[in-house]
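Reproduced below: model-v4.csv, with CSV, C-alpha atoms and all ligand atoms.
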```
chain,number,residue,atom,x,y,z
A,1,MET,CA,-7.0,-39.1,30.2
A,2,SER,CA,-7.1,-35.3,30.1
A,3,THR,CA,-8.7,-33.3,27.3
A,4,PRO,CA,-6.1,-32.1,24.7
A,5,ALA,CA,-5.5,-28.3,25.1
A,6,GLU,CA,-6.8,-27.4,21.7
A,7,ASP,CA,-10.1,-29.1,22.5
A,8,ARG,CA,-10.5,-26.8,25.5
A,9,LEU,CA,-10.6,-23.6,23.4
A,10,SER,CA,-13.8,-21.7,23.2
A,11,GLY,CA,-15.9,-21.6,20.0
A,12,LYS,CA,-15.5,-17.8,19.9
A,13,VAL,CA,-11.8,-17.9,20.0
A,14,CYS,CA,-11.6,-20.6,17.3
A,15,ALA,CA,-13.6,-18.3,15.0
A,16,ILE,CA,-10.8,-15.6,15.2
A,17,GLN,CA,-7.9,-15.6,12.7
A,18,SER,CA,-4.6,-14.1,13.7
A,19,SER,CA,-3.3,-11.0,12.0
A,20,ILE,CA,-2.2,-11.9,8.5
A,21,THR,CA,0.2,-8.8,8.4
A,22,LEU,CA,1.9,-9.9,11.6
A,23,GLU,CA,2.2,-13.5,10.3
A,24,VAL,CA,3.9,-12.3,7.1
A,25,SER,CA,6.2,-10.1,9.2
A,26,ALA,CA,7.1,-13.1,11.4
A,27,ILE,CA,8.1,-15.2,8.3
A,28,ALA,CA,10.0,-12.2,6.9
A,29,ALA,CA,11.8,-11.7,10.2
A,30,ARG,CA,12.8,-15.4,10.3
A,31,LEU,CA,14.1,-15.3,6.8
A,32,LYS,CA,16.1,-12.2,7.7
A,33,ARG,CA,17.6,-14.0,10.8
A,34,GLU,CA,18.6,-16.8,8.5
A,35,GLY,CA,20.7,-14.2,6.6
A,36,HIS,CA,18.5,-13.5,3.6
A,37,HIS,CA,18.0,-10.0,2.1
A,38,VAL,CA,14.2,-9.8,2.6
A,39,ILE,CA,12.4,-6.8,1.2
A,40,ALA,CA,9.8,-5.9,3.9
A,41,PHE,CA,6.7,-4.6,2.1
A,42,GLY,CA,4.5,-6.4,4.7
A,43,ALA,CA,3.9,-4.6,8.0
A,44,GLY,CA,2.5,-1.1,8.2
A,45,GLU,CA,5.3,0.3,10.2
A,46,PRO,CA,7.2,3.6,9.4
A,47,ASP,CA,11.0,3.1,9.4
A,48,LEU,CA,11.4,6.8,10.6
A,49,PRO,CA,12.5,7.3,14.2
A,50,THR,CA,10.2,8.3,17.1
A,51,PRO,CA,10.7,12.1,17.4
A,52,GLN,CA,13.5,13.0,19.9
A,53,PRO,CA,11.3,15.1,22.3
A,54,VAL,CA,9.0,12.1,22.6
A,55,GLN,CA,11.9,9.7,23.3
A,56,ASP,CA,13.3,12.1,25.9
A,57,ALA,CA,9.9,12.5,27.6
A,58,GLY,CA,9.7,8.7,27.8
A,59,ILE,CA,13.2,8.3,29.3
A,60,ASP,CA,12.4,11.2,31.7
A,61,ALA,CA,9.2,9.5,32.9
A,62,ILE,CA,11.1,6.2,33.6
A,63,ARG,CA,13.8,8.1,35.6
A,64,LYS,CA,11.1,10.0,37.6
A,65,GLY,CA,9.5,6.6,38.5
A,66,LEU,CA,6.3,7.3,36.7
A,67,GLY,CA,5.8,3.6,35.7
A,68,ARG,CA,2.7,3.2,37.8
A,69,TYR,CA,-1.0,2.5,37.0
A,70,THR,CA,-2.8,5.5,35.7
A,71,ALA,CA,-6.6,6.2,35.7
A,72,ALA,CA,-8.4,3.6,33.5
A,73,ALA,CA,-9.2,6.2,30.9
A,74,GLY,CA,-5.7,7.6,30.9
A,75,LEU,CA,-3.8,10.5,32.4
A,76,PRO,CA,-6.2,13.5,32.9
A,77,GLU,CA,-3.7,15.9,31.3
A,78,LEU,CA,-3.3,13.6,28.2
A,79,ARG,CA,-7.1,13.3,27.9
A,80,ALA,CA,-7.4,17.0,28.1
A,81,GLY,CA,-4.6,17.4,25.5
A,82,ILE,CA,-6.3,15.0,23.1
A,83,ALA,CA,-9.7,16.7,23.7
A,84,LYS,CA,-8.1,20.0,22.7
A,85,ARG,CA,-6.5,18.4,19.6
A,86,PHE,CA,-9.9,17.1,18.5
A,87,THR,CA,-11.5,20.4,19.2
A,88,ASP,CA,-8.7,22.3,17.3
A,89,ASP,CA,-9.3,20.0,14.4
A,90,GLY,CA,-13.0,21.0,14.4
A,91,TYR,CA,-14.5,18.1,16.4
A,92,PRO,CA,-15.3,19.6,19.8
A,93,HIS,CA,-14.7,17.2,22.7
A,94,GLU,CA,-14.5,17.5,26.4
A,95,PRO,CA,-11.8,15.5,28.3
A,96,SER,CA,-14.7,13.3,29.6
A,97,GLU,CA,-15.4,12.4,26.0
A,98,VAL,CA,-11.9,11.1,25.4
A,99,MET,CA,-10.0,7.9,26.5
A,100,ILE,CA,-6.5,6.7,26.0
A,101,THR,CA,-5.8,3.1,25.0
A,102,ALA,CA,-2.7,0.9,24.3
A,103,GLY,CA,-2.8,1.6,20.5
A,104,ALA,CA,-5.7,2.2,18.1
A,105,LYS,CA,-6.4,-1.5,18.0
A,106,PRO,CA,-7.7,-1.8,21.5
A,107,ALA,CA,-9.7,1.4,21.0
A,108,LEU,CA,-11.4,-0.2,18.0
A,109,TYR,CA,-12.1,-3.5,19.8
A,110,LEU,CA,-13.5,-1.7,22.9
A,111,ALA,CA,-15.7,0.4,20.6
A,112,PHE,CA,-17.1,-2.8,18.9
A,113,TYR,CA,-17.6,-4.4,22.3
A,114,ALA,CA,-19.4,-1.4,23.6
A,115,LEU,CA,-21.7,-0.9,20.6
A,116,LEU,CA,-22.6,-4.3,19.3
A,117,ASN,CA,-24.9,-6.9,20.8
A,118,ASP,CA,-24.5,-10.5,19.6
A,119,GLY,CA,-25.4,-10.6,15.9
A,120,ASP,CA,-25.5,-6.9,15.4
A,121,GLU,CA,-24.0,-5.9,12.1
A,122,CYS,CA,-21.1,-3.5,11.5
A,123,VAL,CA,-20.8,-2.4,7.9
A,124,TYR,CA,-17.8,-1.0,6.1
A,125,PRO,CA,-16.5,-0.5,2.6
A,126,ALA,CA,-14.1,-3.0,1.0
A,127,PRO,CA,-11.1,-3.0,0.6
A,128,PHE,CA,-10.8,-2.7,4.3
A,129,TRP,CA,-8.1,-3.2,6.9
A,130,SER,CA,-7.9,-6.9,7.7
A,131,SER,CA,-8.3,-6.6,11.5
A,132,TYR,CA,-11.8,-5.1,11.4
A,133,SER,CA,-13.6,-8.4,10.6
A,134,GLU,CA,-11.9,-10.4,13.3
A,135,MET,CA,-12.4,-7.6,15.9
A,136,VAL,CA,-16.1,-7.3,15.1
A,137,ARG,CA,-16.5,-11.1,15.4
A,138,ALA,CA,-14.5,-11.2,18.6
A,139,ALA,CA,-16.8,-8.6,20.1
A,140,GLY,CA,-19.8,-10.7,19.1
A,141,GLY,CA,-20.9,-8.7,16.1
A,142,THR,CA,-21.3,-9.7,12.5
A,143,PRO,CA,-18.9,-8.0,10.0
A,144,VAL,CA,-20.6,-7.0,6.7
A,145,HIS,CA,-18.8,-5.2,3.9
A,146,PHE,CA,-19.9,-3.5,0.6
A,147,SER,CA,-17.8,-3.1,-2.5
A,148,THR,CA,-16.1,0.0,-3.9
A,149,SER,CA,-14.2,0.0,-7.2
A,150,ALA,CA,-10.8,1.2,-8.3
A,151,GLU,CA,-12.6,3.1,-11.2
A,152,MET,CA,-14.5,5.1,-8.6
A,153,ASP,CA,-11.3,5.8,-6.6
A,154,PHE,CA,-12.5,3.3,-4.0
A,155,GLN,CA,-15.0,5.9,-2.6
A,156,PRO,CA,-17.9,4.3,-0.7
A,157,THR,CA,-21.2,4.9,-2.4
A,158,VAL,CA,-24.7,5.4,-1.0
A,159,GLU,CA,-25.9,2.6,-3.3
A,160,GLY,CA,-23.2,0.2,-2.0
A,161,LEU,CA,-24.0,1.1,1.6
A,162,ARG,CA,-27.8,0.8,1.2
A,163,GLY,CA,-27.4,-2.5,-0.5
A,164,VAL,CA,-26.1,-4.2,2.7
A,165,LEU,CA,-28.2,-2.4,5.4
A,166,THR,CA,-30.5,-4.6,7.4
A,167,ASP,CA,-32.5,-4.4,10.6
A,168,ARG,CA,-29.4,-5.5,12.5
A,169,THR,CA,-27.1,-2.8,11.1
A,170,ARG,CA,-25.9,-0.8,14.1
A,171,VAL,CA,-22.4,0.6,13.2
A,172,LEU,CA,-20.9,2.1,10.0
A,173,LEU,CA,-17.1,2.0,10.0
A,174,LEU,CA,-15.0,4.4,7.8
A,175,ASN,CA,-11.3,4.6,7.4
A,176,SER,CA,-9.7,7.4,5.4
A,177,PRO,CA,-6.9,7.7,4.4
A,178,ASN,CA,-7.5,4.1,3.7
A,179,ASN,CA,-5.5,1.0,4.5
A,180,PRO,CA,-4.9,-0.7,2.1
A,181,THR,CA,-5.9,1.5,-0.9
A,182,GLY,CA,-4.4,4.9,0.1
A,183,THR,CA,-7.7,6.5,-1.0
A,184,VAL,CA,-8.8,9.7,0.8
A,185,TYR,CA,-12.5,10.2,1.1
A,186,THR,CA,-13.9,13.4,-0.3
A,187,ALA,CA,-16.4,15.8,1.3
A,188,GLU,CA,-19.0,14.8,-1.4
A,189,THR,CA,-18.6,11.1,-0.5
A,190,LEU,CA,-19.1,11.8,3.2
A,191,GLU,CA,-22.0,14.2,2.7
A,192,ALA,CA,-23.9,11.5,0.8
A,193,ILE,CA,-23.0,8.8,3.4
A,194,ALA,CA,-24.1,11.2,6.2
A,195,GLU,CA,-27.6,11.3,4.7
A,196,VAL,CA,-27.9,7.5,5.1
A,197,VAL,CA,-26.6,7.7,8.6
A,198,ARG,CA,-29.3,10.1,9.6
A,199,GLU,CA,-32.0,8.2,7.8
A,200,ARG,CA,-31.1,4.9,9.5
A,201,ASP,CA,-29.8,6.3,12.8
A,202,LEU,CA,-26.5,4.5,12.5
A,203,PHE,CA,-23.6,5.0,14.8
A,204,VAL,CA,-20.4,5.9,12.9
A,205,LEU,CA,-16.9,4.8,13.9
A,206,THR,CA,-14.1,6.7,12.0
A,207,ASP,CA,-10.6,5.3,12.0
A,208,ASP,CA,-8.4,8.3,11.4
A,209,ILE,CA,-5.0,6.8,12.2
A,210,TYR,CA,-3.6,8.1,8.9
A,211,GLN,CA,-5.1,11.6,9.3
A,212,HIS,CA,-1.7,13.4,8.9
A,213,LEU,CA,-0.5,11.3,6.0
A,214,ILE,CA,-2.1,12.8,2.9
A,215,TYR,CA,0.4,13.7,0.1
A,216,THR,CA,-1.8,15.8,-2.2
A,217,ASP,CA,-3.4,19.2,-1.6
A,218,GLU,CA,-6.8,17.7,-0.7
A,219,PRO,CA,-7.8,18.1,2.9
A,220,PHE,CA,-8.4,15.4,5.5
A,221,THR,CA,-12.1,15.1,5.9
A,222,ASN,CA,-13.9,13.4,8.8
A,223,ILE,CA,-17.7,12.9,8.5
A,224,LEU,CA,-18.1,15.5,11.2
A,225,ASP,CA,-16.6,18.1,8.9
A,226,VAL,CA,-19.6,17.8,6.6
A,227,ALA,CA,-22.2,16.7,9.1
A,228,PRO,CA,-21.5,18.3,12.5
A,229,ASP,CA,-25.0,17.4,13.5
A,230,LEU,CA,-23.9,13.7,13.8
A,231,GLN,CA,-21.6,14.5,16.8
A,232,ASP,CA,-23.8,12.5,19.2
A,233,ARG,CA,-23.2,9.3,17.2
A,234,VAL,CA,-19.7,9.5,16.0
A,235,LEU,CA,-16.7,7.8,17.6
A,236,ILE,CA,-13.2,8.9,16.3
A,237,ILE,CA,-10.3,6.6,16.7
A,238,ASN,CA,-6.7,7.9,16.3
A,239,GLY,CA,-3.3,7.3,17.7
A,240,LEU,CA,0.4,8.0,17.5
A,241,SER,CA,1.7,4.7,16.0
A,242,LYS,CA,1.8,6.0,12.4
A,243,SER,CA,2.2,9.7,12.8
A,244,HIS,CA,5.0,9.5,15.4
A,245,SER,CA,6.5,6.0,14.7
A,246,MET,CA,5.3,4.8,18.0
A,247,THR,CA,4.0,1.4,16.9
A,248,GLY,CA,5.6,-0.6,19.7
A,249,TRP,CA,5.0,2.1,22.4
A,250,ARG,CA,1.2,1.3,22.1
A,251,ILE,CA,-0.7,4.5,22.3
A,252,GLY,CA,-4.1,5.2,20.8
A,253,PHE,CA,-7.2,7.2,21.7
A,254,ALA,CA,-10.9,7.5,21.1
A,255,GLY,CA,-13.3,10.5,21.2
A,256,ALA,CA,-17.0,9.9,21.5
A,257,PRO,CA,-20.1,10.8,23.5
A,258,ALA,CA,-19.4,10.4,27.2
A,259,PRO,CA,-21.6,7.3,27.8
A,260,VAL,CA,-19.7,5.4,25.1
A,261,ILE,CA,-16.4,6.4,26.5
A,262,GLN,CA,-17.5,5.5,30.0
A,263,ALA,CA,-18.6,2.0,28.8
A,264,MET,CA,-15.3,1.5,27.0
A,265,THR,CA,-13.4,2.6,30.1
A,266,ARG,CA,-15.3,0.2,32.3
A,267,VAL,CA,-14.1,-2.7,30.1
A,268,GLN,CA,-10.6,-1.3,29.9
A,269,SER,CA,-10.5,-1.0,33.7
A,270,GLN,CA,-11.2,-4.7,34.0
A,271,ILE,CA,-9.0,-6.1,31.2
A,272,ALA,CA,-6.0,-3.8,30.9
A,273,GLY,CA,-6.3,-1.7,34.1
A,274,SER,CA,-4.9,1.3,32.4
A,275,PRO,CA,-3.0,2.3,29.3
A,276,PRO,CA,0.8,2.2,29.6
A,277,SER,CA,2.0,5.0,31.8
A,278,ILE,CA,5.5,5.7,30.4
A,279,THR,CA,4.0,5.9,26.9
A,280,GLN,CA,1.3,8.3,28.0
A,281,HIS,CA,3.9,10.6,29.5
A,282,ALA,CA,5.9,10.4,26.3
A,283,ALA,CA,2.7,11.1,24.3
A,284,LEU,CA,2.3,14.4,26.1
A,285,ALA,CA,5.4,15.6,24.3
A,286,ALA,CA,3.8,14.6,21.0
A,287,LEU,CA,0.7,16.7,21.5
A,288,ASP,CA,2.3,20.0,20.3
A,289,ASP,CA,3.3,18.5,17.1
A,290,PRO,CA,0.6,16.3,15.5
A,291,SER,CA,2.6,16.0,12.2
A,292,PRO,CA,6.4,16.2,12.8
A,293,ALA,CA,8.3,17.9,10.1
A,294,GLY,CA,9.9,16.0,7.3
A,295,ARG,CA,8.0,12.7,7.7
A,296,LYS,CA,5.4,13.3,5.1
A,297,GLU,CA,7.9,14.5,2.6
A,298,SER,CA,10.1,11.4,3.2
A,299,LEU,CA,7.1,9.1,2.7
A,300,ASP,CA,5.9,11.0,-0.3
A,301,GLN,CA,9.2,10.6,-2.0
A,302,ARG,CA,9.0,6.8,-1.6
A,303,ARG,CA,5.3,6.8,-2.7
A,304,ARG,CA,6.3,8.5,-5.9
A,305,LEU,CA,9.2,6.1,-6.4
A,306,ILE,CA,7.1,2.9,-5.9
A,307,ILE,CA,4.4,4.3,-8.2
A,308,ALA,CA,7.0,4.8,-10.9
A,309,GLU,CA,8.6,1.4,-10.4
A,310,LEU,CA,5.3,-0.5,-10.4
A,311,ALA,CA,4.3,1.3,-13.6
A,312,LYS,CA,7.2,-0.5,-15.4
A,313,LEU,CA,5.7,-3.9,-14.7
A,314,ASP,CA,3.7,-6.0,-17.2
A,315,ARG,CA,-0.1,-5.8,-16.6
A,316,VAL,CA,0.1,-4.8,-13.0
A,317,VAL,CA,-2.6,-2.2,-12.6
A,318,THR,CA,-1.9,0.2,-9.7
A,319,PRO,CA,-4.4,2.8,-8.5
A,320,GLU,CA,-2.5,5.8,-7.2
A,321,PRO,CA,-2.6,6.1,-3.4
A,322,ARG,CA,-2.8,9.6,-2.0
A,323,GLY,CA,-2.6,8.9,1.7
A,324,ALA,CA,-1.4,6.4,4.3
A,325,PHE,CA,1.7,4.4,3.2
A,326,TYR,CA,0.3,1.5,1.2
A,327,ILE,CA,0.0,0.8,-2.5
A,328,PHE,CA,-2.5,-1.8,-3.7
A,329,PRO,CA,-1.8,-3.1,-7.2
A,330,SER,CA,-3.9,-5.6,-9.0
A,331,ILE,CA,-2.1,-8.7,-10.1
A,332,ALA,CA,-5.3,-10.3,-11.4
A,333,ALA,CA,-3.9,-10.6,-15.0
A,334,HIS,CA,-1.3,-13.0,-13.7
A,335,LEU,CA,-3.6,-15.4,-11.8
A,336,GLY,CA,-4.1,-18.8,-13.2
A,337,LYS,CA,-0.5,-19.0,-14.4
A,338,THR,CA,2.2,-21.3,-12.9
A,339,TYR,CA,5.5,-20.6,-11.2
A,340,GLU,CA,7.9,-23.6,-11.4
A,341,GLY,CA,5.0,-26.0,-11.3
A,342,THR,CA,2.9,-24.2,-8.7
A,343,ARG,CA,-0.4,-22.9,-9.9
A,344,ILE,CA,-1.0,-19.3,-8.9
A,345,ASP,CA,-4.7,-19.6,-8.2
A,346,ASP,CA,-5.1,-16.4,-6.1
A,347,ALA,CA,-3.3,-13.5,-4.6
A,348,ASN,CA,-2.5,-15.6,-1.4
A,349,VAL,CA,-0.5,-18.1,-3.5
A,350,PHE,CA,1.1,-15.2,-5.5
A,351,SER,CA,2.2,-13.5,-2.3
A,352,LYS,CA,3.5,-16.7,-0.8
A,353,VAL,CA,5.5,-17.6,-3.8
A,354,LEU,CA,6.9,-14.0,-4.0
A,355,LEU,CA,8.1,-14.3,-0.4
A,356,GLN,CA,9.5,-17.8,-0.7
A,357,GLU,CA,11.1,-17.5,-4.1
A,358,LYS,CA,12.0,-13.8,-4.3
A,359,LEU,CA,12.2,-12.9,-0.6
A,360,VAL,CA,9.7,-10.0,-1.0
A,361,ALA,CA,7.0,-9.8,1.8
A,362,THR,CA,3.6,-8.4,0.7
A,363,VAL,CA,0.1,-9.1,2.0
A,364,ALA,CA,-2.5,-10.7,-0.3
A,365,GLY,CA,-5.6,-8.6,-1.0
A,366,ASP,CA,-8.0,-11.4,0.0
A,367,ALA,CA,-7.4,-10.4,3.7
A,368,PHE,CA,-8.6,-6.9,2.8
A,369,GLY,CA,-11.7,-8.1,0.9
A,370,ALA,CA,-10.1,-7.5,-2.4
A,371,PRO,CA,-8.9,-10.7,-4.2
A,372,GLY,CA,-6.5,-10.2,-7.1
A,373,HIS,CA,-4.6,-7.4,-5.3
A,374,ILE,CA,-1.5,-7.4,-3.2
A,375,ARG,CA,-0.6,-4.7,-0.6
A,376,LEU,CA,2.9,-3.2,-0.5
A,377,THR,CA,3.9,-1.0,2.4
A,378,TYR,CA,6.4,1.5,1.1
A,379,CYS,CA,7.9,2.9,4.3
A,380,THR,CA,11.2,1.1,3.6
A,381,SER,CA,14.4,2.3,2.0
A,382,GLU,CA,14.4,3.6,-1.6
A,383,ALA,CA,17.0,1.0,-2.5
A,384,ASP,CA,14.7,-1.8,-1.2
A,385,ILE,CA,11.7,-0.3,-3.0
A,386,VAL,CA,13.6,-0.5,-6.3
A,387,GLU,CA,15.0,-3.9,-5.6
A,388,GLY,CA,11.6,-5.3,-4.3
A,389,VAL,CA,9.7,-4.1,-7.3
A,390,ARG,CA,12.4,-5.5,-9.6
A,391,ARG,CA,12.1,-8.9,-7.9
A,392,LEU,CA,8.3,-8.7,-8.3
A,393,GLY,CA,8.7,-8.0,-12.0
A,394,GLU,CA,11.2,-10.9,-12.3
A,395,MET,CA,8.7,-13.3,-10.7
A,396,ILE,CA,6.0,-12.1,-13.1
A,397,SER,CA,8.3,-12.5,-16.1
A,398,GLU,CA,8.9,-16.1,-15.0
A,399,LEU,CA,5.2,-17.1,-14.8
A,400,LYS,CA,4.0,-19.5,-17.4
A,501,LIG,C1,-6.4,1.4,9.6
A,501,LIG,C2,-5.7,1.1,10.8
A,501,LIG,N1,-6.2,1.3,12.0
A,501,LIG,C3,-5.6,1.0,13.1
A,501,LIG,C4,-4.3,0.4,13.1
A,501,LIG,C5,-3.7,0.0,14.5
A,501,LIG,O1,-2.9,1.0,15.0
A,501,LIG,P1,-2.1,0.7,16.4
A,501,LIG,O2,-0.8,0.2,16.1
A,501,LIG,O3,-2.1,2.0,17.0
A,501,LIG,O4,-2.9,-0.3,17.2
A,501,LIG,C6,-3.7,0.2,11.9
A,501,LIG,C7,-2.4,-0.4,11.9
A,501,LIG,O5,-1.9,-1.0,10.9
A,501,LIG,C8,-4.4,0.5,10.7
A,501,LIG,O6,-3.8,0.3,9.5
```

Could you quickly redo this structure as structure tokens?
Ligand SMILES: Cc1ncc(COP(=O)(O)O)c(C=O)c1O
Amino acid sequence: MSTPAEDRLSGKVCAIQSSITLEVSAIAARLKREGHHVIAFGAGEPDLPTPQPVQDAGIDAIRKGLGRYTAAAGLPELRAGIAKRFTDDGYPHEPSEVMITAGAKPALYLAFYALLNDGDECVYPAPFWSSYSEMVRAAGGTPVHFSTSAEMDFQPTVEGLRGVLTDRTRVLLLNSPNNPTGTVYTAETLEAIAEVVRERDLFVLTDDIYQHLIYTDEPFTNILDVAPDLQDRVLIINGLSKSHSMTGWRIGFAGAPAPVIQAMTRVQSQIAGSPPSITQHAALAALDDPSPAGRKESLDQRRRLIIAELAKLDRVVTPEPRGAFYIFPSIAAHLGKTYEGTRIDDANVFSKVLLQEKLVATVAGDAFGAPGHIRLTYCTSEADIVEGVRRLGEMISELK
């Protein structure tokens, strides 16, 4: 008798959970296919089109027959373009210090794989993007998070960070503008954190995927803006998924000291070969325009709308997001109640009932290290924002 397939799976793969956001999206897509009007506040995907010059460059690349392997670290001209973009932003990089990946996700995973020995710890502030923990674990590391509070604008503090540092801490991960809170880290926050980085000789990974989506006058700040002396131990992750609506094209990039990029490239050369060639050619057309006109304004309008709509709900506390395209209200006041006999013990159940009963897809805060919250992505139509929040309010009013 042969061993059942599930018993053949490795211990390491069994420890990894699948992406909660993608799971919610899959359920929402099924309900949509069944003819329901589902409000999609789940996936972090802009509904705006990929800019025309980028689409044209992609089509052109297909027609010219450029769908071949590229160098493992990416097209030399694209690496040079990204190095220039980093440098123009104030973070000097040579092309040899840049690599291209199939989305920001692989860049993050390759970075963890390159920097963490088994059991090494990667620390990051909570709330955090749900994929970090699984990626760190998949790379053999141990994810460790420290709390921030809504009252303190979810800014990571030195006390919080110090509280979780151990002899095994190797990497500090920062993400601003933040998914899921929409918080933007200030220069003061990063200056204070930089002190600890120096003191403990940490390596810093900054996930800057929402760099160009800040809706207030405050600047985008990377730790290198306030601590340029850390350049030899900072790895910047970025990509075009969010800024250019290229989520399915799969294009991301990393900038770091050359030995780290070389290590990540060695792994990429063995497991992916190279990043997708057509997408890289299309990405060249995006280089001149890091923040295409009109996108931010369109998202900001929806941000303001969802803030106003959520403010109408009973005891839903909503910190104001200033960047990215998520809003992260607390529904803690409604936990412990019941909905048609189902006890709403936590945000997971809340979010499940909201999807099943009101056809509104959200993601429970538990996956982001913040129980009692739900995350709503507001890059959907204004009509759906109003209707989705109305249904959320309706469910809340029906809780006993
Ligand atoms: C904070 C953060 N980093 C990285 C990613 C992944 O981006 P990509 O689609 O380019 O892999 C996401 C996507 O949701 C994200 O929210």

6 Å shell around ligand LIG 501 (chain A) using all atoms listed in the file, listed as a ChimeraX atom specification: /A:44,103-105,129,179,207,209,239,241,247,252

Dump of C-alpha atoms for the selected residues, as a PDB file, in the frame of the given file:
```pdb
ATOM      1  CA  GLY A  44       2.500  -1.100   8.200  1.00  0.00           C
ATOM      2  CA  GLY A 103      -2.800   1.600  20.500  1.00  0.00           C
ATOM      3  CA  ALA A 104      -5.700   2.200  18.100  1.00  0.00           C
ATOM      4  CA  LYS A 105      -6.400  -1.500  18.000  1.00  0.00           C
ATOM      5  CA  TRP A 129      -8.100  -3.200   6.900  1.00  0.00           C
ATOM      6  CA  ASN A 179      -5.500   1.000   4.500  1.00  0.00           C
ATOM      7  CA  ASP A 207     -10.600   5.300  12.000  1.00  0.00           C
ATOM      8  CA  ILE A 209      -5.000   6.800  12.200  1.00  0.00           C
ATOM      9  CA  GLY A 239      -3.300   7.300  17.700  1.00  0.00           C
ATOM     10  CA  SER A 241       1.700   4.700  16.000  1.00  0.00           C
ATOM     11  CA  THR A 247       4.000   1.400  16.900  1.00  0.00           C
ATOM     12  CA  GLY A 252      -4.100   5.200  20.800  1.00  0.00           C
TER      13      GLY A 252
END
```

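Between CA of Glu191 in chain A and CA of Thr148 in chain A there is a distance of 16.7 Å.
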
CA of Glu6 in chain A to CA of Asp120 in chain A, distance in Å rounded to a single decimal: 28.5 Å

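Checking A:His281, A:Arg30, A:Arg168, A:Lys400 one by one against Glu77 in chain A, counting all atoms listed in the file, you find the shortest gap at A:His281.
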
Counting all atoms listed in the file, the option among A:Ala102, A:Val123, A:Ile385, A:Leu66 closest to Thr166 in chain A: A:Val123

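In this model, the gap between CA of Leu335 in chain A and CA of Lys358 in chain A comes to 17.4 Å.
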
Selection: 8 Å around Pro46 in chain A, all atoms listed in the file, excl. self and same-chain fewer than 6 positions, as a count of residues only: 4

Contacts of Ala192 in chain A at 8 Å (all atoms listed in the file; same-chain gap of 4+ positions) as a list in words: Thr157, Val158, Glu188 and Val196 of chain A

Write to file, as a PDB file, in the frame of the given file, the residues of the selection just made, with C-alpha atoms.
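This went into part-v6.pdb:
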```pdb
ATOM      1  CA  THR A 157     -21.200   4.900  -2.400  1.00  0.00           C
ATOM      2  CA  VAL A 158     -24.700   5.400  -1.000  1.00  0.00           C
ATOM      3  CA  GLU A 188     -19.000  14.800  -1.400  1.00  0.00           C
ATOM      4  CA  VAL A 196     -27.900   7.500   5.100  1.00  0.00           C
TER       5      VAL A 196
END
```

Residue contacts of Val197 in chain A (9 Å, only C-alpha atoms) excluding same-chain residues fewer than 6 positions away, as a PyMOL selection string: chain A and resi 172+203-204+230

Which polymer residues have any atom within 10 Å of an atom of Asn178 in chain A, counting all atoms listed in the file, with same-chain residues fewer than 4 positions away left out, as a short mmCIF file (atom, residue, chain, number, x, y, z; two decimals) with C-alpha atoms, in the coordinates of the input?
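Written file, result.cif:
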```
data_model
loop_
_atom_site.label_atom_id
_atom_site.label_comp_id
_atom_site.auth_asym_id
_atom_site.auth_seq_id
_atom_site.Cartn_x
_atom_site.Cartn_y
_atom_site.Cartn_z
CA PRO A 127 -11.10 -3.00 0.60
CA PHE A 128 -10.80 -2.70 4.30
CA TRP A 129 -8.10 -3.20 6.90
CA PHE A 154 -12.50 3.30 -4.00
CA GLN A 155 -15.00 5.90 -2.60
CA LEU A 174 -15.00 4.40 7.80
CA GLY A 182 -4.40 4.90 0.10
CA THR A 183 -7.70 6.50 -1.00
CA VAL A 184 -8.80 9.70 0.80
CA TYR A 185 -12.50 10.20 1.10
CA ASP A 207 -10.60 5.30 12.00
CA ASP A 208 -8.40 8.30 11.40
CA ILE A 209 -5.00 6.80 12.20
CA TYR A 210 -3.60 8.10 8.90
CA GLN A 211 -5.10 11.60 9.30
CA PRO A 321 -2.60 6.10 -3.40
CA ARG A 322 -2.80 9.60 -2.00
CA GLY A 323 -2.60 8.90 1.70
CA ALA A 324 -1.40 6.40 4.30
CA PHE A 325 1.70 4.40 3.20
CA TYR A 326 0.30 1.50 1.20
#
```

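You can rank A:Pro329, A:Gly369, A:Gly74, A:Gly67 by their closest distance to Tyr124 in chain A using only C-alpha atoms, and at the top of that list sits A:Gly369.
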
Who sits within 7 Å of Pro125 in chain A, all atoms listed in the file, same chain under 6 positions skipped, as an MDAnalysis selection string: chainID A and resid 145:148 156

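For the choices A:Ala28, A:Leu190, A:Ala111, A:Ile251, the atom-to-atom distance to Asn175 in chain A is smallest for A:Leu190 when using all atoms listed in the file.
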
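Shortest separation to Asp289 in chain A among A:Leu75, A:Ala308, A:Val360, A:Leu240 occurs at residue A:Leu240, atoms counted being all atoms listed in the file.
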